[in-house]
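Have a look at the structure below, then the notes.
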Amino acid sequence: MRRATDRVQLLARGTEVPPDISSLLPDDWAEQASTSERRTATISCIIPAYNEEGTIADVLTSLLAQTRLPDVIHVIINNTDDDTPEIARSFEGPHERTVKGELFRTVVHVHDIGENPDKKVGALNVGFYLSRGFDYILGVDGDTTLDRRCVEWLEKEMVTDPRIGGLSAIYSFDKTKLSGAMSRFLVSGQRAQFAGFNMDNLVRGRNMAVLGGQCSLFSVRALETVMYRHHQSAPWVRDSEVEDSKLSLQIKDAGFNTKISARARAFVGPMTNLRALHGQQVKWNFGGIDLLWPGQRGDNKGQPLHPNLRLRWYENIAMLFNISTRMAFVLLLAAALSIDAFVFNPVWLIPPVVATLLNLRIAASMHDKSASDIFYALLVAPAELYMWIRMGHFVSAWVQFLARVEKDNWAAQAAAERGRGSAYVMPALCAVATFLVLIFAWSQQSISVQSAILSIGWPVLYLVTVLQTLFMIKKLVRRQRGFSV
């Protein structure tokens with residue numbers, strides 16, 4: 001599939017070729033070098049689709065509008081009972097478009113594999129075998145639309161560095177089609193959450209811990225190396241709640257880099273209600289915990305200190321601090337007010353001010369920022385409320401993990417997105433029950449005991465809050481190196 005040798009590519013870029021190998025160059029190297037701008041890689045795009053009738057047309061439209069069309073597009077439909085197959089087949093067949101004088105051709109194929117116990121993982125692996133012989137595989141979710149230059153930028157970054165085994169686009173959410181205050185609030189929170197995550201990866205040498213399945217370009221050579229090293233029949237495996245995270249670890253272990261693109265962008269399908277958001281976030285958190293915890297996966301002994309997992313450890317520790325400080329402040333404040341022992345100190349305004357400035361900087365770094373993103377950060381209350389929602393997801397995932405609850409989080413998320421299930425209310429109910437028990441226990445103590453608890457609790461909270469604020473200040477003043485998310 002490759003149309004030029006590595007040496008010709010070096011010459012085309014003006015790289016000097018050592019004399020002892022110049023005789024190995026083909027006779028027509030000058031002609032090939034003059035066409036260095038032509039594409040030399042082939043890309044197969046695979047789209048796993050499960051009940052995507054509302055989004056699959058937009059996904060295929062965005063792919064066919066790319067400045068660099070994939071060479072082939074495979075829509076892999078699985079376990080679907082809506083009109084996704086019929087809508088996707090309306091795009092089936094050859095397509096072509098000319099961009100800056102270069103003609104691109106592609107063919108859209110639709111494969112309905114019916115009932116598939118491996119679900120998305122099974123669909124991805126079917127797509128992989130359909131893509132053997134290509135240089136790269138572009139994985140795109142059935143609800144993800146691409147910026148018109150996304151594929152072009154991904155390819156350019158991949159072909160210039162053969163050490164990259166996988167390259168993720170910068171993810172955000174399209175808020176133009178939203179309606180209702182709740183959906184706008186939740187999507188604003190998700191945009192801020194993803195923006196912070198993306199920026200953390202970009203400033204860390206663009207090293208990407210997770211090559212998200214939403215839109216990532218994979219080297220077929222890297223995927224085949226993973227299969228060989230881990231004795232797998234396919235790149236993606238089902239023994240992790242987050243198949244993309246595990247594959248990212250394996251690609252890194254195989255000696256390749258996992259990176260986030262500096263320019264390619266994609267828009268992910270957002271969760272627009274609390275039920276769906278809970279299902280998605282608990283699955284992500286649970287899968288991440290499973291990868292962090294040593295000895296959990298049957299295929300190896302676990303890699304809790306793997307380089308790709310450092311950011312996940314940081315996220316979990318940071319969330320633990322967020323839960324501890326917020327719960328402690330609410331409880332201590334209520335306890336102090338109950339015995340008229342609360343004295344306001346302006347120092348307590350520093351942490352929320354720093355947090356607001358940090359949220360504003362994240363919003364300002366967004367490539368497609370709008371007034372709603374700025375107001376979300378500036379008003380303080382929306383960002384704080386969304387943090388409490390995320391805390392509920394975090395606690396739910398850890399409880400499920402530590403309790404060894406056997407639960408299909410894939411099915412739970414799918415049911416939540418269809419409006420089923422009530423697990424999303426459990427964190428709030430548990431928090432209320434906890435507060436009621438603690439209030440009752442507090443009321444049974446003598447005034448001397450209550451005073452002692454306050455005299456110890458407030459200084460401890462001061463110390464933890466100071467440490468947390470220093471970490472926020474560090475992120476606030478760090479260089480972003482011109483990146484936007």
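Every chain in the structure tokens has a letter given in the order shown (A, B, ...), and although residue numbers restart at 1 in each chain, ligands are simply numbered from 1 in the order shown.
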> Among segment 37-86 of chain A, which residues carry a DSSP assignment of helix (DSSP H, G or I), reported as a ChimeraX atom specification?
Replying inline: /A:56-64,84-86
> Could you pull the residues within 8 Å of Ala423 of chain A, counting only C-alpha atoms, minus those fewer than 3 positions along the same chain, as a PyMOL selection string?
Replying inline: chain A and resi 275+278+426
> Could you state the separation of atom CA of Arg149 of chain A and atom CA of Gly269 of chain A in Å, given to one decimal place?
Replying inline: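 For atom CA of Arg149 of chain A relative to atom CA of Gly269 of chain A, the distance reads 18.9 Å.
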> Got a sec: who's within 10 Å of Thr98 of chain A, counting only C-alpha atoms, leaving out chain neighbours fewer than 6 positions off, as a list in words?
Replying inline: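 Answer for this query is Thr67, Arg68, Leu69, Phe104 and Arg105 of chain A.
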>> What's around Ala397 of chain A at 7 Å? Count only C-alpha atoms, leave out sequence neighbours fewer than 6 positions away in its own chain, and write the answer as JSON, numbers by chain.
In response: {"A": [282, 285, 286]}
Suppose we keep C-alpha atoms; can you now write the selection as a short mmCIF file (atom, residue, chain, number, x, y, z; two decimals), in the first residue's frame?
```
data_model
loop_
_atom_site.label_atom_id
_atom_site.label_comp_id
_atom_site.auth_asym_id
_atom_site.auth_seq_id
_atom_site.Cartn_x
_atom_site.Cartn_y
_atom_site.Cartn_z
CA VAL A 282 -19.42 5.39 36.36
CA ASN A 285 -14.37 5.60 36.46
CA PHE A 286 -14.84 1.91 37.20
#
```
> Nearest to Pro48 of chain A among A:Leu476, A:Val126, A:Leu186, A:Val108, with distances taken over only C-alpha atoms: which residue is it?
Replying inline: A:Val126
> Hey, which of A:Val107, A:Leu378, A:Leu331, A:Ile46 ends up closest to Leu217 of chain A? Count only C-alpha atoms.
Replying inline: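 With only C-alpha atoms as the atom set, the closest residue is A:Ile46.
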>> Measuring between only C-alpha atoms, which one of A:Asn322, A:Leu292, A:Val460, A:Asn78 shows the shortest distance to Ile389 of chain A?
In response: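 Going through A:Asn322, A:Leu292, A:Val460, A:Asn78 one by one, the smallest distance to Ile389 of chain A is for A:Asn322.
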Residue contacts of segment 190-194 of chain A (7 Å, only C-alpha atoms) excluding same-chain residues fewer than 2 positions away, as a PDB file with C-alpha atoms, in the first residue's frame:
```
ATOM      1  CA  TYR A 171     -12.396  16.162  22.006  1.00  0.00           C
ATOM      2  CA  SER A 172     -15.120  18.627  22.788  1.00  0.00           C
ATOM      3  CA  PHE A 173     -18.917  18.821  22.587  1.00  0.00           C
ATOM      4  CA  LEU A 186     -24.522  19.386  31.803  1.00  0.00           C
ATOM      5  CA  VAL A 187     -22.851  19.948  28.441  1.00  0.00           C
ATOM      6  CA  SER A 188     -21.101  23.056  29.761  1.00  0.00           C
ATOM      7  CA  GLY A 196      -9.104  20.388  31.459  1.00  0.00           C
ATOM      8  CA  PHE A 197      -8.289  16.766  30.671  1.00  0.00           C
ATOM      9  CA  ASN A 198      -7.088  17.604  27.155  1.00  0.00           C
ATOM     10  CA  ILE A 362      -9.705  26.592  31.001  1.00  0.00           C
ATOM     11  CA  ALA A 363     -12.694  28.247  29.328  1.00  0.00           C
TER      12      ALA A 363
END
```
>> Measuring between only C-alpha atoms, which one of A:Phe329, A:Phe91, A:Phe342, A:Phe435 shows the shortest distance to Gly457 of chain A?
In response: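 For Gly457 of chain A, the nearest of the candidates is A:Phe329.
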>> If you run DSSP on the backbone here, which positions in segment 43-240 of chain A get strand (DSSP E)? Please write them as a ChimeraX atom specification.
In response: /A:43-49,72-77,93-99,102-112,136-140,145-146,164-173,215-219
Given only C-alpha atoms, how would the per-residue table for segment 73-187 of chain A near segment 218-239 of chain A read, listing every residue at most 12 Å away with its closest atom pair and distance in Å to one decimal, sorted by chain and number, as a tab-separated table?
```
residue	atom	partner	partner_atom	distance
A:Pro117	CA	A:Arg238	CA	9.8
A:Asp118	CA	A:Arg238	CA	6.7
A:Lys119	CA	A:Arg238	CA	8.9
A:Lys120	CA	A:Arg238	CA	9.1
A:Val121	CA	A:Trp236	CA	5.9
A:Gly122	CA	A:Trp236	CA	8.0
A:Ala123	CA	A:Trp236	CA	9.6
A:Leu124	CA	A:Trp236	CA	7.1
A:Asn125	CA	A:Ala234	CA	6.0
A:Val126	CA	A:Ala234	CA	8.9
A:Gly127	CA	A:Ala234	CA	10.3
A:Phe128	CA	A:Ala234	CA	7.7
A:Tyr129	CA	A:Ala234	CA	8.3
A:Leu130	CA	A:Ala234	CA	11.9
A:Ser131	CA	A:Val220	CA	8.7
A:Arg132	CA	A:Val220	CA	7.7
A:Gly133	CA	A:Val220	CA	8.3
A:Phe134	CA	A:Val220	CA	7.1
A:Asp135	CA	A:Val220	CA	5.7
A:Tyr136	CA	A:Ser219	CA	4.7
A:Ile137	CA	A:Phe218	CA	5.1
A:Leu138	CA	A:Phe218	CA	6.3
A:Gly139	CA	A:Phe218	CA	7.8
A:Val140	CA	A:Phe218	CA	11.2
A:Val151	CA	A:Phe218	CA	12.0
A:Leu154	CA	A:Phe218	CA	9.8
A:Glu155	CA	A:Phe218	CA	10.0
A:Glu157	CA	A:Phe218	CA	11.7
A:Met158	CA	A:Ser219	CA	8.2
A:Val159	CA	A:Ser219	CA	9.6
A:Asp161	CA	A:Ser219	CA	11.0
A:Pro162	CA	A:Ser219	CA	8.7
A:Arg163	CA	A:Ala222	CA	9.3
A:Ile164	CA	A:Ser219	CA	7.6
A:Gly165	CA	A:Ser219	CA	5.1
A:Gly166	CA	A:Phe218	CA	4.4
A:Leu167	CA	A:Phe218	CA	6.5
A:Ser168	CA	A:Phe218	CA	8.7
A:Ala169	CA	A:Phe218	CA	11.5
```
Write the residues of the selection above to a file with N, CA and C atoms, as an mmCIF file, in the first residue's frame.
```cif
data_model
loop_
_atom_site.group_PDB
_atom_site.id
_atom_site.type_symbol
_atom_site.label_atom_id
_atom_site.label_comp_id
_atom_site.auth_asym_id
_atom_site.auth_seq_id
_atom_site.Cartn_x
_atom_site.Cartn_y
_atom_site.Cartn_z
ATOM 1 N N PRO A 117 -22.168 -10.574 21.212
ATOM 2 C CA PRO A 117 -21.953 -10.535 22.671
ATOM 3 C C PRO A 117 -20.816 -9.610 23.096
ATOM 4 N N ASP A 118 -19.875 -9.345 22.204
ATOM 5 C CA ASP A 118 -18.756 -8.465 22.553
ATOM 6 C C ASP A 118 -19.053 -6.999 22.274
ATOM 7 N N LYS A 119 -20.227 -6.703 21.759
ATOM 8 C CA LYS A 119 -20.709 -5.333 21.592
ATOM 9 C C LYS A 119 -19.709 -4.460 20.850
ATOM 10 N N LYS A 120 -19.355 -3.298 21.422
ATOM 11 C CA LYS A 120 -18.471 -2.378 20.706
ATOM 12 C C LYS A 120 -17.124 -3.013 20.413
ATOM 13 N N VAL A 121 -16.584 -3.764 21.365
ATOM 14 C CA VAL A 121 -15.299 -4.419 21.148
ATOM 15 C C VAL A 121 -15.363 -5.357 19.955
ATOM 16 N N GLY A 122 -16.439 -6.133 19.862
ATOM 17 C CA GLY A 122 -16.600 -7.041 18.737
ATOM 18 C C GLY A 122 -16.685 -6.306 17.419
ATOM 19 N N ALA A 123 -17.414 -5.177 17.404
ATOM 20 C CA ALA A 123 -17.534 -4.383 16.179
ATOM 21 C C ALA A 123 -16.187 -3.805 15.762
ATOM 22 N N LEU A 124 -15.410 -3.328 16.729
ATOM 23 C CA LEU A 124 -14.088 -2.789 16.421
ATOM 24 C C LEU A 124 -13.180 -3.853 15.820
ATOM 25 N N ASN A 125 -13.244 -5.062 16.364
ATOM 26 C CA ASN A 125 -12.377 -6.118 15.861
ATOM 27 C C ASN A 125 -12.805 -6.585 14.468
ATOM 28 N N VAL A 126 -14.099 -6.584 14.190
ATOM 29 C CA VAL A 126 -14.550 -6.863 12.827
ATOM 30 C C VAL A 126 -13.989 -5.811 11.877
ATOM 31 N N GLY A 127 -14.052 -4.557 12.290
ATOM 32 C CA GLY A 127 -13.496 -3.482 11.472
ATOM 33 C C GLY A 127 -12.001 -3.636 11.261
ATOM 34 N N PHE A 128 -11.296 -4.112 12.306
ATOM 35 C CA PHE A 128 -9.850 -4.309 12.168
ATOM 36 C C PHE A 128 -9.543 -5.329 11.083
ATOM 37 N N TYR A 129 -10.248 -6.457 11.078
ATOM 38 C CA TYR A 129 -9.962 -7.481 10.077
ATOM 39 C C TYR A 129 -10.367 -7.040 8.679
ATOM 40 N N LEU A 130 -11.352 -6.165 8.578
ATOM 41 C CA LEU A 130 -11.708 -5.603 7.281
ATOM 42 C C LEU A 130 -10.660 -4.612 6.794
ATOM 43 N N SER A 131 -9.822 -4.131 7.714
ATOM 44 C CA SER A 131 -8.850 -3.080 7.388
ATOM 45 C C SER A 131 -7.427 -3.594 7.253
ATOM 46 N N ARG A 132 -7.215 -4.898 7.291
ATOM 47 C CA ARG A 132 -5.865 -5.437 7.141
ATOM 48 C C ARG A 132 -5.307 -5.039 5.779
ATOM 49 N N GLY A 133 -4.061 -4.624 5.752
ATOM 50 C CA GLY A 133 -3.436 -4.169 4.518
ATOM 51 C C GLY A 133 -3.344 -2.658 4.420
ATOM 52 N N PHE A 134 -4.089 -1.946 5.266
ATOM 53 C CA PHE A 134 -3.985 -0.494 5.303
ATOM 54 C C PHE A 134 -2.903 -0.093 6.294
ATOM 55 N N ASP A 135 -2.400 1.130 6.148
ATOM 56 C CA ASP A 135 -1.366 1.625 7.057
ATOM 57 C C ASP A 135 -1.942 2.044 8.406
ATOM 58 N N TYR A 136 -3.108 2.690 8.385
ATOM 59 C CA TYR A 136 -3.700 3.233 9.601
ATOM 60 C C TYR A 136 -5.181 2.889 9.664
ATOM 61 N N ILE A 137 -5.677 2.807 10.887
ATOM 62 C CA ILE A 137 -7.108 2.620 11.137
ATOM 63 C C ILE A 137 -7.608 3.815 11.926
ATOM 64 N N LEU A 138 -8.621 4.458 11.402
ATOM 65 C CA LEU A 138 -9.254 5.581 12.089
ATOM 66 C C LEU A 138 -10.525 5.075 12.758
ATOM 67 N N GLY A 139 -10.534 5.062 14.082
ATOM 68 C CA GLY A 139 -11.720 4.659 14.825
ATOM 69 C C GLY A 139 -12.563 5.872 15.169
ATOM 70 N N VAL A 140 -13.837 5.833 14.782
ATOM 71 C CA VAL A 140 -14.756 6.952 15.042
ATOM 72 C C VAL A 140 -16.036 6.393 15.645
ATOM 73 N N VAL A 151 -9.007 14.529 9.829
ATOM 74 C CA VAL A 151 -8.266 13.396 9.275
ATOM 75 C C VAL A 151 -6.937 13.877 8.673
ATOM 76 N N LEU A 154 -4.491 14.492 11.561
ATOM 77 C CA LEU A 154 -4.086 13.231 12.174
ATOM 78 C C LEU A 154 -3.071 12.497 11.301
ATOM 79 N N GLU A 155 -3.344 12.438 9.998
ATOM 80 C CA GLU A 155 -2.427 11.741 9.098
ATOM 81 C C GLU A 155 -1.062 12.428 9.058
ATOM 82 N N GLU A 157 0.457 14.209 11.276
ATOM 83 C CA GLU A 157 1.228 13.995 12.495
ATOM 84 C C GLU A 157 1.727 12.558 12.604
ATOM 85 N N MET A 158 0.926 11.608 12.125
ATOM 86 C CA MET A 158 1.317 10.201 12.224
ATOM 87 C C MET A 158 2.454 9.856 11.270
ATOM 88 N N VAL A 159 2.361 10.296 10.024
ATOM 89 C CA VAL A 159 3.360 9.885 9.026
ATOM 90 C C VAL A 159 4.718 10.530 9.290
ATOM 91 N N ASP A 161 6.102 10.829 12.232
ATOM 92 C CA ASP A 161 6.749 10.232 13.401
ATOM 93 C C ASP A 161 6.334 8.766 13.519
ATOM 94 N N PRO A 162 7.132 7.842 12.988
ATOM 95 C CA PRO A 162 6.760 6.419 13.028
ATOM 96 C C PRO A 162 6.749 5.830 14.429
ATOM 97 N N ARG A 163 7.205 6.591 15.415
ATOM 98 C CA ARG A 163 7.160 6.086 16.789
ATOM 99 C C ARG A 163 5.758 6.145 17.376
ATOM 100 N N ILE A 164 4.871 6.899 16.747
ATOM 101 C CA ILE A 164 3.510 7.044 17.270
ATOM 102 C C ILE A 164 2.686 5.812 16.883
ATOM 103 N N GLY A 165 2.151 5.129 17.879
ATOM 104 C CA GLY A 165 1.290 3.980 17.619
ATOM 105 C C GLY A 165 -0.169 4.352 17.578
ATOM 106 N N GLY A 166 -0.533 5.454 18.226
ATOM 107 C CA GLY A 166 -1.913 5.911 18.233
ATOM 108 C C GLY A 166 -1.975 7.394 18.515
ATOM 109 N N LEU A 167 -2.909 8.059 17.847
ATOM 110 C CA LEU A 167 -3.020 9.520 17.964
ATOM 111 C C LEU A 167 -4.483 9.891 18.142
ATOM 112 N N SER A 168 -4.789 10.568 19.222
ATOM 113 C CA SER A 168 -6.161 10.955 19.533
ATOM 114 C C SER A 168 -6.427 12.383 19.091
ATOM 115 N N ALA A 169 -7.634 12.640 18.638
ATOM 116 C CA ALA A 169 -8.052 14.012 18.366
ATOM 117 C C ALA A 169 -8.324 14.725 19.684
#
```
